[in-house]
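Data block for entry21.cif (mmCIF, C-alpha atoms and all ligand atoms):
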```cif
data_query
#
loop_
_atom_site.label_atom_id
_atom_site.label_comp_id
_atom_site.auth_asym_id
_atom_site.auth_seq_id
_atom_site.Cartn_x
_atom_site.Cartn_y
_atom_site.Cartn_z
CA MET A 21 -14.01 18.40 0.98
CA ALA A 22 -11.24 19.75 3.23
CA ASP A 23 -8.52 21.93 1.69
CA GLY A 24 -6.04 19.05 1.80
CA GLY A 25 -8.50 16.90 -0.11
CA GLN A 26 -8.98 19.54 -2.78
CA GLN A 27 -5.23 19.94 -3.18
CA ASP A 28 -4.98 16.19 -3.51
CA LEU A 29 -7.72 16.15 -6.16
CA ALA A 30 -6.02 18.98 -8.06
CA ARG A 31 -2.74 17.04 -7.98
CA LEU A 32 -4.47 13.86 -9.28
CA GLU A 33 -6.13 15.87 -12.05
CA ALA A 34 -2.83 17.46 -13.09
CA GLU A 35 -1.14 14.04 -13.15
CA ALA A 36 -4.00 12.51 -15.15
CA LEU A 37 -4.29 15.27 -17.75
CA LYS A 38 -0.60 16.10 -18.22
CA GLY A 39 -0.03 16.78 -21.95
CA TYR A 40 -3.54 15.67 -22.96
CA ARG A 41 -5.40 16.88 -26.06
CA ASN A 42 -8.89 18.31 -25.61
CA LEU A 43 -11.10 17.65 -28.65
CA THR A 44 -14.46 18.06 -26.91
CA HIS A 45 -15.33 21.01 -29.16
CA VAL A 46 -14.67 18.90 -32.28
CA CYS A 47 -16.49 15.68 -31.28
CA PRO A 48 -20.07 15.79 -32.67
CA HIS A 49 -21.33 12.77 -30.70
CA TRP A 50 -22.65 14.23 -27.48
CA ASP A 51 -25.66 16.40 -26.76
CA LYS A 52 -24.71 20.09 -26.58
CA THR A 53 -28.13 21.21 -25.29
CA GLY A 54 -27.51 19.88 -21.79
CA ARG A 55 -30.41 17.43 -21.96
CA GLU A 56 -27.99 14.54 -21.57
CA ALA A 57 -26.12 15.76 -18.53
CA LEU A 58 -24.08 13.17 -16.66
CA VAL A 59 -25.11 13.49 -13.03
CA ASN A 60 -23.45 11.53 -10.21
CA PRO A 61 -21.48 9.02 -12.28
CA THR A 62 -20.90 5.86 -10.26
CA THR A 63 -19.14 3.63 -12.79
CA ILE A 64 -16.30 3.68 -15.32
CA VAL A 65 -16.48 1.48 -18.42
CA ILE A 66 -13.17 0.52 -20.02
CA HIS A 67 -13.26 -0.30 -23.73
CA GLY A 68 -10.74 -1.62 -26.21
CA THR A 69 -10.97 -0.02 -29.65
CA GLY A 70 -10.83 -3.41 -31.39
CA SER A 71 -8.85 -1.89 -34.24
CA GLY A 72 -5.27 -1.90 -35.49
CA SER A 73 -4.75 1.79 -34.73
CA SER A 74 -6.41 4.49 -32.67
CA GLY A 75 -6.73 6.65 -35.81
CA TRP A 76 -9.68 4.51 -36.90
CA ALA A 77 -11.48 4.87 -33.55
CA LEU A 78 -10.75 8.59 -33.41
CA ALA A 79 -12.01 9.13 -36.98
CA ASN A 80 -15.29 7.38 -36.08
CA MET A 81 -15.75 9.50 -32.97
CA LEU A 82 -15.15 12.69 -34.97
CA ASP A 83 -17.26 11.74 -38.03
CA PRO A 84 -20.57 13.65 -37.92
CA THR A 85 -22.09 11.22 -40.47
CA HIS A 86 -21.28 8.04 -38.52
CA PRO A 87 -24.65 6.26 -38.04
CA ALA A 88 -23.81 4.86 -34.59
CA LYS A 89 -22.54 8.25 -33.29
CA PRO A 90 -19.89 6.61 -31.11
CA SER A 91 -18.08 8.61 -28.45
CA ALA A 92 -16.23 8.21 -25.18
CA HIS A 93 -15.01 10.66 -22.59
CA PHE A 94 -11.41 9.66 -23.27
CA LEU A 95 -9.26 7.78 -25.77
CA ILE A 96 -5.79 6.46 -24.94
CA THR A 97 -3.80 5.89 -28.13
CA GLU A 98 -1.14 3.26 -28.90
CA ALA A 99 1.45 5.94 -28.03
CA ALA A 100 -0.35 6.43 -24.68
CA GLU A 101 -1.53 9.89 -25.65
CA LEU A 102 -4.69 10.97 -23.80
CA ILE A 103 -7.46 12.61 -25.84
CA GLN A 104 -10.69 13.92 -24.32
CA LEU A 105 -13.76 13.79 -26.60
CA VAL A 106 -16.69 14.51 -24.27
CA PRO A 107 -16.88 16.86 -21.25
CA LEU A 108 -17.18 15.07 -17.90
CA ASP A 109 -20.58 16.60 -17.13
CA ASN A 110 -22.12 15.18 -20.33
CA MET A 111 -23.07 11.65 -21.31
CA ALA A 112 -20.87 9.93 -23.89
CA TRP A 113 -22.41 7.29 -26.18
CA HIS A 114 -20.15 4.34 -25.52
CA ALA A 115 -21.93 1.49 -23.73
CA GLY A 116 -25.11 0.92 -25.76
CA ARG A 117 -27.55 -1.65 -24.39
CA SER A 118 -26.01 -2.49 -21.04
CA ALA A 119 -26.56 -3.00 -17.32
CA TRP A 120 -24.48 -3.30 -14.14
CA ARG A 121 -25.52 -4.08 -10.56
CA GLY A 122 -29.19 -3.95 -11.55
CA ARG A 123 -29.06 -0.56 -13.35
CA ASP A 124 -29.70 -0.30 -17.09
CA GLU A 125 -28.07 1.91 -19.70
CA LEU A 126 -24.60 2.63 -18.43
CA ASN A 127 -24.22 5.79 -20.52
CA GLN A 128 -26.46 7.55 -18.01
CA PHE A 129 -24.18 6.93 -15.04
CA SER A 130 -20.71 6.13 -16.34
CA PHE A 131 -17.55 7.54 -17.85
CA GLY A 132 -16.31 5.75 -20.96
CA ILE A 133 -12.61 5.26 -21.68
CA GLU A 134 -11.40 3.74 -24.96
CA VAL A 135 -7.92 2.20 -25.00
CA GLN A 136 -6.28 1.29 -28.29
CA ASN A 137 -5.91 -2.50 -28.72
CA PRO A 138 -7.20 -5.04 -31.27
CA CYS A 139 -8.78 -7.03 -28.36
CA SER A 140 -7.90 -10.45 -29.77
CA LEU A 141 -6.21 -13.37 -28.08
CA SER A 142 -3.47 -13.44 -30.71
CA GLY A 143 -3.00 -9.66 -30.80
CA PRO A 144 -0.51 -7.40 -28.99
CA GLU A 145 -0.53 -6.66 -25.27
CA TYR A 146 -1.72 -3.37 -23.84
CA SER A 147 1.50 -1.44 -23.22
CA PRO A 148 2.82 -0.39 -19.77
CA GLN A 149 2.68 3.25 -20.96
CA GLN A 150 -1.01 2.90 -21.82
CA MET A 151 -1.69 1.35 -18.41
CA ASP A 152 0.23 4.12 -16.65
CA ARG A 153 -1.97 6.66 -18.43
CA LEU A 154 -5.13 4.73 -17.62
CA ILE A 155 -4.30 4.29 -13.95
CA ARG A 156 -3.59 8.00 -13.46
CA LEU A 157 -6.91 8.79 -15.17
CA LEU A 158 -8.82 6.26 -13.05
CA ARG A 159 -7.28 7.54 -9.80
CA TRP A 160 -8.42 11.05 -10.57
CA LEU A 161 -11.96 10.16 -11.73
CA MET A 162 -12.49 7.73 -8.83
CA ARG A 163 -11.53 10.42 -6.31
CA ARG A 164 -13.45 13.14 -8.13
CA ASP A 165 -16.78 11.28 -8.04
CA SER A 166 -16.22 8.81 -5.17
CA ILE A 167 -16.36 5.84 -7.57
CA SER A 168 -15.54 2.51 -5.92
CA SER A 169 -13.20 -0.09 -7.37
CA GLU A 170 -15.95 -2.70 -7.96
CA ASN A 171 -17.52 -0.26 -10.41
CA ILE A 172 -14.49 -0.13 -12.67
CA VAL A 173 -15.71 -2.53 -15.37
CA GLY A 174 -15.09 -3.65 -18.93
CA HIS A 175 -17.61 -3.25 -21.74
CA SER A 176 -17.81 -7.07 -21.78
CA CYS A 177 -19.00 -7.00 -18.11
CA VAL A 178 -22.00 -4.78 -18.82
CA ALA A 179 -23.07 -6.17 -22.22
CA PRO A 180 -22.59 -9.97 -21.90
CA GLY A 181 -22.96 -11.88 -25.14
CA ARG A 182 -22.82 -8.66 -27.16
CA LYS A 183 -19.40 -7.17 -26.38
CA GLN A 184 -15.95 -8.72 -25.77
CA ASP A 185 -13.82 -5.61 -25.22
CA PRO A 186 -11.39 -4.67 -23.70
CA GLY A 187 -10.66 -8.33 -24.47
CA PRO A 188 -8.53 -11.19 -23.18
CA LYS A 189 -5.27 -9.20 -23.19
CA PHE A 190 -6.49 -6.50 -20.82
CA PRO A 191 -4.37 -6.64 -17.60
CA TRP A 192 -7.08 -6.58 -14.93
CA ARG A 193 -4.76 -8.15 -12.33
CA PHE A 194 -2.41 -5.19 -12.68
CA LEU A 195 -5.29 -2.76 -12.13
CA GLU A 196 -6.37 -4.75 -9.07
CA ARG A 197 -2.87 -4.55 -7.59
CA GLU A 198 -2.91 -0.79 -8.18
CA GLY A 199 -6.22 -0.54 -6.29
CA VAL A 200 -8.25 0.73 -9.24
CA ALA A 201 -10.24 -2.48 -9.84
CA ARG A 202 -11.57 -5.12 -7.44
CA SER A 203 -10.65 -8.78 -7.45
CA TRP A 204 -13.61 -11.17 -7.29
CA GLN A 205 -11.78 -13.01 -4.50
CA THR A 206 -12.15 -10.04 -2.14
CA PHE A 207 -15.96 -10.18 -2.01
CA SER A 208 -17.54 -11.74 1.09
CA GLU A 209 -18.46 -15.42 1.30
CA ASP A 210 -22.18 -14.53 1.02
CA VAL A 211 -21.69 -13.56 -2.62
CA TYR A 212 -20.76 -17.12 -3.48
CA ASN A 213 -23.69 -18.97 -1.87
CA GLY A 214 -26.04 -20.71 -4.28
CA GLU A 215 -25.98 -21.43 -7.97
CA VAL A 216 -23.29 -20.17 -10.35
CA ARG A 217 -25.76 -17.84 -12.07
CA GLU A 218 -26.76 -16.25 -8.76
CA CYS A 219 -23.10 -15.71 -7.83
CA LEU A 220 -22.39 -13.97 -11.14
CA ILE A 221 -25.36 -11.65 -10.70
CA ARG A 222 -24.30 -10.79 -7.14
CA LEU A 223 -20.88 -9.89 -8.55
CA GLY A 224 -22.70 -7.28 -10.68
CA PHE A 225 -23.14 -9.03 -14.04
CA PRO A 226 -26.60 -8.37 -15.53
CA ASP A 227 -29.37 -10.94 -15.27
CA SER A 228 -30.99 -9.18 -18.24
CA VAL A 229 -30.48 -6.05 -20.34
CA ARG A 230 -33.17 -3.62 -21.47
CA GLN A 231 -33.47 -3.06 -25.21
CA GLN A 232 -33.29 0.65 -26.02
CA ALA A 233 -34.57 0.30 -29.56
CA THR A 234 -38.12 -0.51 -28.56
CA GLN A 235 -40.73 1.71 -26.96
CA GLN A 236 -41.93 -1.07 -24.73
CA GLU A 237 -40.07 -2.45 -21.81
CA GLN A 238 -38.39 -5.42 -23.42
CA ARG A 239 -35.56 -7.30 -21.79
CA VAL A 240 -33.09 -9.82 -23.13
CA ILE A 241 -32.18 -12.41 -20.49
CA SER A 242 -28.43 -13.12 -20.28
CA THR A 243 -27.70 -16.77 -20.89
CA GLN A 244 -25.50 -18.56 -18.35
CA ASP A 245 -22.82 -19.01 -21.05
CA ASP A 246 -22.82 -15.26 -21.75
CA LEU A 247 -22.47 -14.47 -18.04
CA LEU A 248 -19.69 -17.02 -17.57
CA ARG A 249 -17.83 -15.69 -20.60
CA ALA A 250 -18.12 -12.14 -19.21
CA PHE A 251 -16.78 -13.42 -15.87
CA VAL A 252 -13.87 -15.20 -17.56
CA LEU A 253 -12.93 -12.13 -19.62
CA ARG A 254 -12.95 -9.94 -16.52
CA HIS A 255 -11.61 -12.19 -13.81
CA CYS A 256 -9.64 -15.07 -15.28
CA PRO A 257 -8.63 -14.19 -18.85
CA THR A 258 -5.84 -16.76 -18.75
CA LEU A 259 -8.53 -19.44 -18.72
CA SER A 260 -9.00 -19.91 -22.44
CA HIS A 261 -12.72 -19.73 -23.07
CA PHE A 262 -12.12 -20.98 -26.58
CA ALA A 263 -11.06 -24.40 -25.33
CA ALA A 264 -13.62 -27.18 -25.17
CA GLY A 265 -15.31 -27.39 -21.78
CA TRP A 266 -14.44 -23.83 -20.71
CA GLN A 267 -17.86 -23.35 -19.11
CA GLU A 268 -17.24 -26.26 -16.77
CA HIS A 269 -13.78 -24.94 -15.88
CA ALA A 270 -15.15 -21.46 -15.20
CA SER A 271 -17.95 -22.79 -12.99
CA LYS A 272 -15.48 -24.87 -11.03
CA TYR A 273 -13.11 -21.92 -10.69
CA LEU A 274 -15.96 -19.80 -9.34
CA SER A 275 -17.25 -22.37 -6.87
CA GLN A 276 -13.75 -23.14 -5.56
CA ARG A 277 -12.57 -19.57 -5.29
CA GLU A 278 -10.85 -20.31 -1.96
CA LEU A 279 -8.18 -22.11 -3.99
CA GLY A 280 -7.29 -18.72 -5.41
CA HIS A 281 -6.27 -17.48 -1.96
CA ALA A 282 -3.38 -19.94 -1.83
ZN ZN A 301 -16.64 -1.10 -26.10
#
```

In structure tokens, what does this structure look like?
Ligand SMILES: [Zn+2]
Amino acid sequence: MADGGQQDLARLEAEALKGYRNLTHVCPHWDKTGREALVNPTTIVIHGTGSGSSGWALANMLDPTHPAKPSAHFLITEAAELIQLVPLDNMAWHAGRSAWRGRDELNQFSFGIEVQNPCSLSGPEYSPQQMDRLIRLLRWLMRRDSISSENIVGHSCVAPGRKQDPGPKFPWRFLEREGVARSWQTFSEDVYNGEVRECLIRLGFPDSVRQQATQQEQRVISTQDDLLRAFVLRHCPTLSHFAAGWQEHASKYLSQRELGHA
């Protein structure tokens, strides 16, 4: 990287980490032996905590007796404070059974960012201050590891049918306008040839997800409803997927995407 580029990266890092709290030495849920190094991360997974306050999520990530050993590289609280839990060169345990663009187990190639929000349709919005924090963090990490905007995803994108976060209130359109996420309408026409299921898989959603719990290679095939729901949560959250007939609406929306250009 040229000197100018390094200065730019240093500026982005300073803007992202301004006033942050580093709790990496306190978080027990990452491997300190170096066996779980994070090499060449290509993807960033955004989570919603799904709780009423970030204190609950933070307590879980700091609890050495928690059976699921949850962690994430960063947590953004309701007050838009940034807390780092896992060093960037180590895997965090945030995505679980997951896949994106044909690769399984996101923990091995992604950063995880938790943002405080209950993740329900009737719950509060993500705040502008939280989004400001998140965007500064994304800009830095994307530049640092040359991560492209189509690989900024939600947990619901990579674990269809199993996870719903960051949920229907997450402002993906805002991230797209800021250039830190990619609108489905900007992909080439080729992506949209063929059946709905094929389109969704070309957009990156997983056809199937490997099960980590078993020794054998065992895969759970994503149902078309699960894939459509993941698409709706990511790309058209205003389309209520709780209403009767949402699958039909989502399929129509996908096949007539040119209407979205108007
Ligand atoms: Zn999650």

How would you write, as a VMD selection string, the set of residues no farther than 9 Å from ligand ZN 301 (chain A) when counting all atoms listed in the file? chain A and resid 65 to 70 114 to 116 132 to 134 174 to 176 183 to 186

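Between Gly181 of chain A and the residues A:Arg31, A:Arg249, A:Arg222, A:Arg123, the shortest atom-to-atom distance, using only C-alpha atoms, involves A:Arg249.
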
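Ranking A:Pro226, A:Pro48, A:Pro144, A:Pro87 by their shortest atom-to-atom distance to Leu105 of chain A, with only C-alpha atoms included, puts A:Pro48 first.
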
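Atom pair atom CA of Gln267 of chain A / atom CA of Leu195 of chain A has a distance of 25.1 Å (rounded to one decimal).
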
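With all atoms listed in the file as the atoms that count, the minimum distance from Thr97 of chain A to the choices A:Ser74, A:Gln244, A:Ser228, A:Asn80 is reached by A:Ser74.
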
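For the choices A:Pro191, A:Gly224, A:Gly75, A:Gly199, the atom-to-atom distance to Arg156 of chain A is smallest for A:Gly199 when using all atoms listed in the file.
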
Using only C-alpha atoms, give me every residue within 7 Å of (-23.0, -4.6, -20.0) in file coordinates, as a list in words. Arg117, Ser118, Ala119, Trp120, His175, Ser176, Cys177, Val178, Ala179, Pro180 and Pro226 of chain A

I'd like the interatomic distance between atom CA of Asn110 of chain A and atom CA of Gly54 of chain A, to a tenth of an Å. 7.3 Å

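In terms of minimum interatomic distance to Thr63 of chain A, A:Val200 ranks closest within A:Val200, A:Leu253, A:Leu95, A:Ile155, counting all atoms listed in the file.
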
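Note that atom CA of Val135 of chain A and atom CA of Arg153 of chain A are 9.9 Å apart.
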
Please, can segment 202-238 of chain A be completed to N, CA and C atoms and returned as a tab-separated table (two decimals), in the coordinates of the input?
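selection_37.tsv was written with the following content:
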```tsv
chain	number	residue	atom	x	y	z
A	202	ARG	N	-11.42	-4.22	-8.59
A	202	ARG	CA	-11.57	-5.12	-7.44
A	202	ARG	C	-11.54	-6.58	-7.87
A	203	SER	N	-10.72	-7.35	-7.18
A	203	SER	CA	-10.65	-8.78	-7.45
A	203	SER	C	-11.90	-9.48	-6.94
A	204	TRP	N	-12.41	-10.43	-7.70
A	204	TRP	CA	-13.61	-11.17	-7.29
A	204	TRP	C	-13.36	-11.95	-6.00
A	205	GLN	N	-12.09	-12.23	-5.69
A	205	GLN	CA	-11.78	-13.01	-4.50
A	205	GLN	C	-11.89	-12.19	-3.22
A	206	THR	N	-12.07	-10.88	-3.34
A	206	THR	CA	-12.15	-10.04	-2.14
A	206	THR	C	-13.59	-9.79	-1.70
A	207	PHE	N	-14.57	-10.32	-2.45
A	207	PHE	CA	-15.96	-10.18	-2.01
A	207	PHE	C	-16.24	-11.18	-0.89
A	208	SER	N	-17.26	-10.88	-0.08
A	208	SER	CA	-17.54	-11.74	1.09
A	208	SER	C	-18.07	-13.10	0.64
A	209	GLU	N	-18.01	-14.05	1.57
A	209	GLU	CA	-18.46	-15.42	1.30
A	209	GLU	C	-19.91	-15.46	0.81
A	210	ASP	N	-20.74	-14.52	1.35
A	210	ASP	CA	-22.18	-14.53	1.02
A	210	ASP	C	-22.42	-14.44	-0.49
A	211	VAL	N	-21.53	-13.74	-1.18
A	211	VAL	CA	-21.69	-13.56	-2.62
A	211	VAL	C	-21.68	-14.90	-3.34
A	212	TYR	N	-20.99	-15.86	-2.76
A	212	TYR	CA	-20.76	-17.12	-3.48
A	212	TYR	C	-21.68	-18.26	-3.06
A	213	ASN	N	-22.71	-17.94	-2.23
A	213	ASN	CA	-23.69	-18.97	-1.87
A	213	ASN	C	-24.65	-19.18	-3.02
A	214	GLY	N	-25.01	-20.44	-3.27
A	214	GLY	CA	-26.04	-20.71	-4.28
A	214	GLY	C	-25.46	-21.09	-5.63
A	215	GLU	N	-26.34	-21.01	-6.61
A	215	GLU	CA	-25.98	-21.43	-7.97
A	215	GLU	C	-24.99	-20.46	-8.62
A	216	VAL	N	-24.29	-20.97	-9.62
A	216	VAL	CA	-23.29	-20.17	-10.35
A	216	VAL	C	-23.92	-18.88	-10.89
A	217	ARG	N	-25.10	-19.02	-11.49
A	217	ARG	CA	-25.76	-17.84	-12.07
A	217	ARG	C	-26.01	-16.76	-11.02
A	218	GLU	N	-26.48	-17.21	-9.85
A	218	GLU	CA	-26.76	-16.25	-8.76
A	218	GLU	C	-25.47	-15.55	-8.32
A	219	CYS	N	-24.39	-16.30	-8.23
A	219	CYS	CA	-23.10	-15.71	-7.83
A	219	CYS	C	-22.69	-14.62	-8.82
A	220	LEU	N	-22.82	-14.92	-10.10
A	220	LEU	CA	-22.39	-13.97	-11.14
A	220	LEU	C	-23.21	-12.69	-11.07
A	221	ILE	N	-24.50	-12.83	-10.78
A	221	ILE	CA	-25.36	-11.65	-10.70
A	221	ILE	C	-25.02	-10.84	-9.45
A	222	ARG	N	-24.70	-11.53	-8.35
A	222	ARG	CA	-24.30	-10.79	-7.14
A	222	ARG	C	-22.98	-10.06	-7.36
A	223	LEU	N	-22.14	-10.59	-8.23
A	223	LEU	CA	-20.88	-9.89	-8.55
A	223	LEU	C	-21.14	-8.63	-9.40
A	224	GLY	N	-22.35	-8.50	-9.92
A	224	GLY	CA	-22.70	-7.28	-10.68
A	224	GLY	C	-23.12	-7.55	-12.11
A	225	PHE	N	-22.80	-8.74	-12.64
A	225	PHE	CA	-23.14	-9.03	-14.04
A	225	PHE	C	-24.67	-9.03	-14.22
A	226	PRO	N	-25.15	-8.55	-15.38
A	226	PRO	CA	-26.60	-8.37	-15.53
A	226	PRO	C	-27.38	-9.64	-15.83
A	227	ASP	N	-28.44	-9.84	-15.06
A	227	ASP	CA	-29.37	-10.94	-15.27
A	227	ASP	C	-30.06	-10.77	-16.63
A	228	SER	N	-30.35	-9.51	-16.96
A	228	SER	CA	-30.99	-9.18	-18.24
A	228	SER	C	-30.64	-7.75	-18.58
A	229	VAL	N	-30.81	-7.40	-19.87
A	229	VAL	CA	-30.48	-6.05	-20.34
A	229	VAL	C	-31.67	-5.48	-21.10
A	230	ARG	N	-32.04	-4.25	-20.78
A	230	ARG	CA	-33.17	-3.62	-21.47
A	230	ARG	C	-32.78	-3.25	-22.90
A	231	GLN	N	-33.71	-3.41	-23.81
A	231	GLN	CA	-33.47	-3.06	-25.21
A	231	GLN	C	-33.90	-1.64	-25.45
A	232	GLN	N	-32.97	-0.77	-25.85
A	232	GLN	CA	-33.29	0.65	-26.02
A	232	GLN	C	-34.13	0.90	-27.27
A	233	ALA	N	-33.98	0.01	-28.24
A	233	ALA	CA	-34.57	0.30	-29.56
A	233	ALA	C	-36.09	0.27	-29.54
A	234	THR	N	-36.66	-0.36	-28.56
A	234	THR	CA	-38.12	-0.51	-28.56
A	234	THR	C	-38.76	0.47	-27.58
A	235	GLN	N	-39.99	0.83	-27.86
A	235	GLN	CA	-40.73	1.71	-26.96
A	235	GLN	C	-41.11	0.96	-25.69
A	236	GLN	N	-41.47	-0.30	-25.89
A	236	GLN	CA	-41.93	-1.07	-24.73
A	236	GLN	C	-40.75	-1.55	-23.90
A	237	GLU	N	-41.07	-1.86	-22.68
A	237	GLU	CA	-40.07	-2.45	-21.81
A	237	GLU	C	-39.83	-3.89	-22.26
A	238	GLN	N	-38.70	-4.09	-22.92
A	238	GLN	CA	-38.39	-5.42	-23.42
A	238	GLN	C	-37.01	-5.78	-22.93
```
